[in-house]
Amino acid sequence: MLSAPRALITGASRGVGLAVAEELVHRGYAVVLNYAHDETAATHAVERLRQADGDVAAARADVTDERDVARLVAEVLARGPIDLLVNNVGDFLFKPFLETTATEWDGILRSNLTSAALCCRAVLPHMRARASGRIVNVASMNAGVLRAKPNTLPYAIAKAGVVLLTKTLASTEGPFGIRVNAVSPGFVESGDYPPENAARQIPLGRVACASEIAKAVAFLASDDASYVTGAVLDVHGGAFL
């Protein structure tokens, strides 16, 4: 009997990360939920998914720290191969550039971009050795389009970096049988920044459910996307076209 594919999802104790975990469990994955601080939320998430007969575990790690990432990946590999990495973790900041401190700037870049780079770098040697693997990075709405971002500059730079990371790794890792793609969500109900007038900016007239982002992640990870790599899938209801 074939073993279930295994997924490591960062920032998965709530919001989009948890929705991705739910979708993957539904599709037969064994899932490891990474979290940094909220053990209570992670425990509840694991219990909730296990009620659906999911093979689920939680693993605490600060994915902005290289040594902690190495420990996390080793811990997951002790359970079995990592077939899928979903880089979802990332803090948000809404503040004008001149009011943003150096600490805040660094924190946003490390949370969103450095974390993804560190996790990819830790997982890729194992995927290369197996000549198989999938990585899905969570960027943000229109992250691949360079536009002025007066109040979200460090976040926008970090997510644009996630897009470039995605395309670069798709190029270098394709020969090893590894697909790397990104999902760029728009406003999400569970997000940290759902402005009151968001729906007015969206042709579909509403913000997304976290489950809709999760389905996009699951698609890019699936065999239905077997010839898709280096793609950035916008899931934003048509916002800011």
# chains A, B, ... in the order shown; residues from 1 in each chain; ligands from 1
$ closest_atom_pairs --of "range 65-88 of chain A" --to "range 151-167 of chain A" --cutoff "12 Å" --atoms "only C-alpha atoms" --output "tab-separated table"
residue	atom	partner	partner_atom	distance
A:Val86	CA	A:Thr166	CA	11.7
A:Asn87	CA	A:Val162	CA	9.6
A:Asn88	CA	A:Val162	CA	10.7
$ write_last_selection --atoms "N, CA and C atoms" --output "mmCIF file, in the first residue's frame"
data_model
loop_
_atom_site.group_PDB
_atom_site.id
_atom_site.type_symbol
_atom_site.label_atom_id
_atom_site.label_comp_id
_atom_site.auth_asym_id
_atom_site.auth_seq_id
_atom_site.Cartn_x
_atom_site.Cartn_y
_atom_site.Cartn_z
ATOM 1 N N VAL A 86 4.644 24.050 1.727
ATOM 2 C CA VAL A 86 3.830 25.247 1.510
ATOM 3 C C VAL A 86 4.362 26.341 2.424
ATOM 4 N N ASN A 87 4.952 27.367 1.831
ATOM 5 C CA ASN A 87 5.470 28.507 2.585
ATOM 6 C C ASN A 87 4.362 29.546 2.708
ATOM 7 N N ASN A 88 3.704 29.520 3.847
ATOM 8 C CA ASN A 88 2.544 30.382 4.050
ATOM 9 C C ASN A 88 2.792 31.480 5.077
#
$ residues_around --residues "Ala19 in chain A" --least-positions-apart "4" --cutoff "9 Å" --atoms "only C-alpha atoms" --output "PyMOL selection string"
chain A and resi 12+14-15+23-24+210-215
$ select_by_dssp --residues "range 14-155 of chain A" --states "strand (DSSP E or B)" --output "NGL selection string"
:A and (30-35 or 55-60 or 84-87 or 133-138)
$ closest_residue --among "A:Val89, A:Thr114, A:Ala21, A:Arg27" --to "Ala45 in chain A" --atoms "only C-alpha atoms"
A:Ala21
$ residues_around --residues "Arg110 in chain A" --least-positions-apart "3" --cutoff "10 Å" --atoms "only C-alpha atoms" --output "PyMOL selection string"
chain A and resi 63-65+90-91+104-107+113-118+158
$ write_last_selection --atoms "C-alpha atoms" --output "PDB file, in the first residue's frame"
ATOM      1  CA  VAL A  63      11.094  29.702  10.342  1.00  0.00           C
ATOM      2  CA  THR A  64      13.034  32.966  10.203  1.00  0.00           C
ATOM      3  CA  ASP A  65      15.850  31.214  12.100  1.00  0.00           C
ATOM      4  CA  GLY A  90       4.254  35.990   6.881  1.00  0.00           C
ATOM      5  CA  ASP A  91       3.457  39.018   9.014  1.00  0.00           C
ATOM      6  CA  GLU A 104       9.702  46.562  11.586  1.00  0.00           C
ATOM      7  CA  TRP A 105      11.196  46.629   8.087  1.00  0.00           C
ATOM      8  CA  ASP A 106      13.572  43.780   8.861  1.00  0.00           C
ATOM      9  CA  GLY A 107      10.860  41.787  10.603  1.00  0.00           C
ATOM     10  CA  LEU A 113      10.767  36.278   2.323  1.00  0.00           C
ATOM     11  CA  THR A 114      13.650  34.954   4.393  1.00  0.00           C
ATOM     12  CA  SER A 115      11.413  32.297   5.945  1.00  0.00           C
ATOM     13  CA  ALA A 116      10.423  30.978   2.520  1.00  0.00           C
ATOM     14  CA  ALA A 117      14.028  30.987   1.307  1.00  0.00           C
ATOM     15  CA  LEU A 118      15.287  29.158   4.398  1.00  0.00           C
ATOM     16  CA  ALA A 158       8.992  40.845   0.474  1.00  0.00           C
TER      17      ALA A 158
END
$ residues_around --residues "Val136 in chain A" --least-positions-apart "6" --cutoff "9 Å" --atoms "only C-alpha atoms" --output "VMD selection string"
chain A and resid 84 to 88 166 179 to 183 217 to 218 220 to 221
$ write_last_selection --atoms "C-alpha atoms" --output "JSON list (two decimals), in the first residue's frame"
[["chain", "number", "residue", "atom", "x", "y", "z"],
["A", 84, "LEU", "CA", 5.09, 19.19, -0.54],
["A", 85, "LEU", "CA", 6.29, 22.37, 1.15],
["A", 86, "VAL", "CA", 3.83, 25.25, 1.51],
["A", 87, "ASN", "CA", 5.47, 28.51, 2.58],
["A", 88, "ASN", "CA", 2.54, 30.38, 4.05],
["A", 166, "THR", "CA", 9.46, 31.02, -6.99],
["A", 179, "ARG", "CA", 7.82, 21.99, -9.37],
["A", 180, "VAL", "CA", 7.74, 25.40, -7.68],
["A", 181, "ASN", "CA", 4.72, 27.71, -7.95],
["A", 182, "ALA", "CA", 3.07, 30.54, -6.07],
["A", 183, "VAL", "CA", -0.44, 31.59, -5.12],
["A", 217, "VAL", "CA", -2.66, 25.79, -3.37],
["A", 218, "ALA", "CA", -3.92, 22.22, -3.58],
["A", 220, "LEU", "CA", -0.77, 23.63, -7.88],
["A", 221, "ALA", "CA", 0.41, 20.76, -5.69]]
$ select_by_dssp --residues "range 169-219 of chain A" --states "alpha helix (DSSP H)" --output "list in words"
Leu169, Ala170, Ser171, Thr172, Glu173, Ala210, Ser211, Glu212, Ile213, Ala214, Lys215, Ala216, Val217, Ala218 and Phe219 of chain A
$ write_last_selection --atoms "N, CA and C atoms" --output "PDB file, in the first residue's frame"
ATOM      1  N   LEU A 169      13.600  29.274  -8.525  1.00  0.00           N
ATOM      2  CA  LEU A 169      13.679  27.871  -8.123  1.00  0.00           C
ATOM      3  C   LEU A 169      12.967  26.963  -9.122  1.00  0.00           C
ATOM      4  N   ALA A 170      11.903  27.454  -9.738  1.00  0.00           N
ATOM      5  CA  ALA A 170      11.259  26.655 -10.789  1.00  0.00           C
ATOM      6  C   ALA A 170      12.252  26.367 -11.903  1.00  0.00           C
ATOM      7  N   SER A 171      13.094  27.351 -12.217  1.00  0.00           N
ATOM      8  CA  SER A 171      14.088  27.195 -13.269  1.00  0.00           C
ATOM      9  C   SER A 171      15.201  26.231 -12.870  1.00  0.00           C
ATOM     10  N   THR A 172      15.712  26.390 -11.650  1.00  0.00           N
ATOM     11  CA  THR A 172      16.862  25.569 -11.238  1.00  0.00           C
ATOM     12  C   THR A 172      16.468  24.168 -10.811  1.00  0.00           C
ATOM     13  N   GLU A 173      15.255  23.998 -10.298  1.00  0.00           N
ATOM     14  CA  GLU A 173      14.872  22.701  -9.731  1.00  0.00           C
ATOM     15  C   GLU A 173      14.052  21.832 -10.673  1.00  0.00           C
ATOM     16  N   ALA A 210     -10.912  31.664   3.084  1.00  0.00           N
ATOM     17  CA  ALA A 210      -9.598  31.017   3.169  1.00  0.00           C
ATOM     18  C   ALA A 210      -9.587  29.708   2.392  1.00  0.00           C
ATOM     19  N   SER A 211     -10.726  29.028   2.353  1.00  0.00           N
ATOM     20  CA  SER A 211     -10.795  27.742   1.652  1.00  0.00           C
ATOM     21  C   SER A 211     -10.575  27.902   0.155  1.00  0.00           C
ATOM     22  N   GLU A 212     -10.920  29.075  -0.389  1.00  0.00           N
ATOM     23  CA  GLU A 212     -10.713  29.306  -1.821  1.00  0.00           C
ATOM     24  C   GLU A 212      -9.235  29.449  -2.143  1.00  0.00           C
ATOM     25  N   ILE A 213      -8.479  30.037  -1.241  1.00  0.00           N
ATOM     26  CA  ILE A 213      -7.025  30.111  -1.413  1.00  0.00           C
ATOM     27  C   ILE A 213      -6.432  28.712  -1.280  1.00  0.00           C
ATOM     28  N   ALA A 214      -6.951  27.963  -0.331  1.00  0.00           N
ATOM     29  CA  ALA A 214      -6.447  26.607  -0.094  1.00  0.00           C
ATOM     30  C   ALA A 214      -6.632  25.714  -1.315  1.00  0.00           C
ATOM     31  N   LYS A 215      -7.752  25.857  -1.987  1.00  0.00           N
ATOM     32  CA  LYS A 215      -7.991  25.032  -3.183  1.00  0.00           C
ATOM     33  C   LYS A 215      -7.004  25.367  -4.294  1.00  0.00           C
ATOM     34  N   ALA A 216      -6.621  26.637  -4.385  1.00  0.00           N
ATOM     35  CA  ALA A 216      -5.633  27.024  -5.388  1.00  0.00           C
ATOM     36  C   ALA A 216      -4.271  26.417  -5.065  1.00  0.00           C
ATOM     37  N   VAL A 217      -3.906  26.425  -3.797  1.00  0.00           N
ATOM     38  CA  VAL A 217      -2.659  25.790  -3.374  1.00  0.00           C
ATOM     39  C   VAL A 217      -2.689  24.299  -3.690  1.00  0.00           C
ATOM     40  N   ALA A 218      -3.796  23.659  -3.354  1.00  0.00           N
ATOM     41  CA  ALA A 218      -3.920  22.223  -3.579  1.00  0.00           C
ATOM     42  C   ALA A 218      -3.857  21.892  -5.070  1.00  0.00           C
ATOM     43  N   PHE A 219      -4.438  22.738  -5.900  1.00  0.00           N
ATOM     44  CA  PHE A 219      -4.365  22.505  -7.346  1.00  0.00           C
ATOM     45  C   PHE A 219      -2.916  22.515  -7.826  1.00  0.00           C
TER      46      PHE A 219
END
$ residues_around --residues "Ala30 in chain A" --least-positions-apart "5" --cutoff "12 Å" --atoms "only C-alpha atoms" --output "ChimeraX atom specification"
/A:3-9,21-25,46,49-50,53-58,76,79-84
$ residues_around --residues "Val69 in chain A" --least-positions-apart "6" --cutoff "10 Å" --atoms "only C-alpha atoms" --output "list in words"
Arg60, Ala61, Asp62, Val63, Glu75, Ser115, Leu118, Cys119, Cys120, Arg121, Ala122 and Val123 of chain A
$ write_last_selection --atoms "N, CA and C atoms" --output "PDB file, in the first residue's frame"
ATOM      1  N   ARG A  60       6.601  23.035  16.328  1.00  0.00           N
ATOM      2  CA  ARG A  60       6.923  24.428  16.639  1.00  0.00           C
ATOM      3  C   ARG A  60       8.304  24.789  16.097  1.00  0.00           C
ATOM      4  N   ALA A  61       8.402  25.933  15.431  1.00  0.00           N
ATOM      5  CA  ALA A  61       9.687  26.412  14.933  1.00  0.00           C
ATOM      6  C   ALA A  61       9.548  27.847  14.461  1.00  0.00           C
ATOM      7  N   ASP A  62      10.586  28.617  14.653  1.00  0.00           N
ATOM      8  CA  ASP A  62      10.676  29.960  14.104  1.00  0.00           C
ATOM      9  C   ASP A  62      11.333  29.835  12.739  1.00  0.00           C
ATOM     10  N   VAL A  63      10.559  29.961  11.675  1.00  0.00           N
ATOM     11  CA  VAL A  63      11.094  29.702  10.342  1.00  0.00           C
ATOM     12  C   VAL A  63      11.888  30.878   9.784  1.00  0.00           C
ATOM     13  N   GLU A  75      12.972  17.039  11.854  1.00  0.00           N
ATOM     14  CA  GLU A  75      11.878  16.434  12.622  1.00  0.00           C
ATOM     15  C   GLU A  75      10.801  15.874  11.695  1.00  0.00           C
ATOM     16  N   SER A 115      11.973  33.570   5.480  1.00  0.00           N
ATOM     17  CA  SER A 115      11.413  32.297   5.945  1.00  0.00           C
ATOM     18  C   SER A 115      11.212  31.330   4.788  1.00  0.00           C
ATOM     19  N   LEU A 118      14.653  30.115   3.495  1.00  0.00           N
ATOM     20  CA  LEU A 118      15.287  29.158   4.398  1.00  0.00           C
ATOM     21  C   LEU A 118      14.619  27.789   4.319  1.00  0.00           C
ATOM     22  N   CYS A 119      13.286  27.779   4.259  1.00  0.00           N
ATOM     23  CA  CYS A 119      12.579  26.490   4.195  1.00  0.00           C
ATOM     24  C   CYS A 119      12.852  25.788   2.869  1.00  0.00           C
ATOM     25  N   CYS A 120      12.860  26.545   1.784  1.00  0.00           N
ATOM     26  CA  CYS A 120      13.183  25.940   0.481  1.00  0.00           C
ATOM     27  C   CYS A 120      14.589  25.352   0.498  1.00  0.00           C
ATOM     28  N   ARG A 121      15.524  26.114   1.021  1.00  0.00           N
ATOM     29  CA  ARG A 121      16.915  25.659   1.017  1.00  0.00           C
ATOM     30  C   ARG A 121      17.098  24.405   1.868  1.00  0.00           C
ATOM     31  N   ALA A 122      16.325  24.290   2.933  1.00  0.00           N
ATOM     32  CA  ALA A 122      16.430  23.116   3.795  1.00  0.00           C
ATOM     33  C   ALA A 122      15.789  21.879   3.177  1.00  0.00           C
ATOM     34  N   VAL A 123      14.711  22.078   2.433  1.00  0.00           N
ATOM     35  CA  VAL A 123      13.946  20.950   1.897  1.00  0.00           C
ATOM     36  C   VAL A 123      14.464  20.471   0.545  1.00  0.00           C
TER      37      VAL A 123
END
$ closest_residue --among "A:Ala70, A:Leu241, A:Ala225, A:Val207" --to "Arg134 in chain A" --atoms "only C-alpha atoms"
A:Ala225
$ closest_residue --among "A:Ala42, A:Ser132, A:Asp68, A:Ala139" --to "Phe92 in chain A" --atoms "only C-alpha atoms"
A:Ala139
$ atom_distance --atom1 "CA of Met127 in chain A" --atom2 "CA of Ser184 in chain A"
23.9 Å
$ atom_distance --atom1 "CA of Asn112 in chain A" --atom2 "CA of Cys209 in chain A"
21.1 Å
$ atom_distance --atom1 "CA of Tyr35 in chain A" --atom2 "CA of Gly11 in chain A"
5.1 Å
$ closest_residue --among "A:Ser111, A:Tyr227, A:Val16, A:Thr10" --to "Val31 in chain A" --atoms "only C-alpha atoms"
A:Thr10
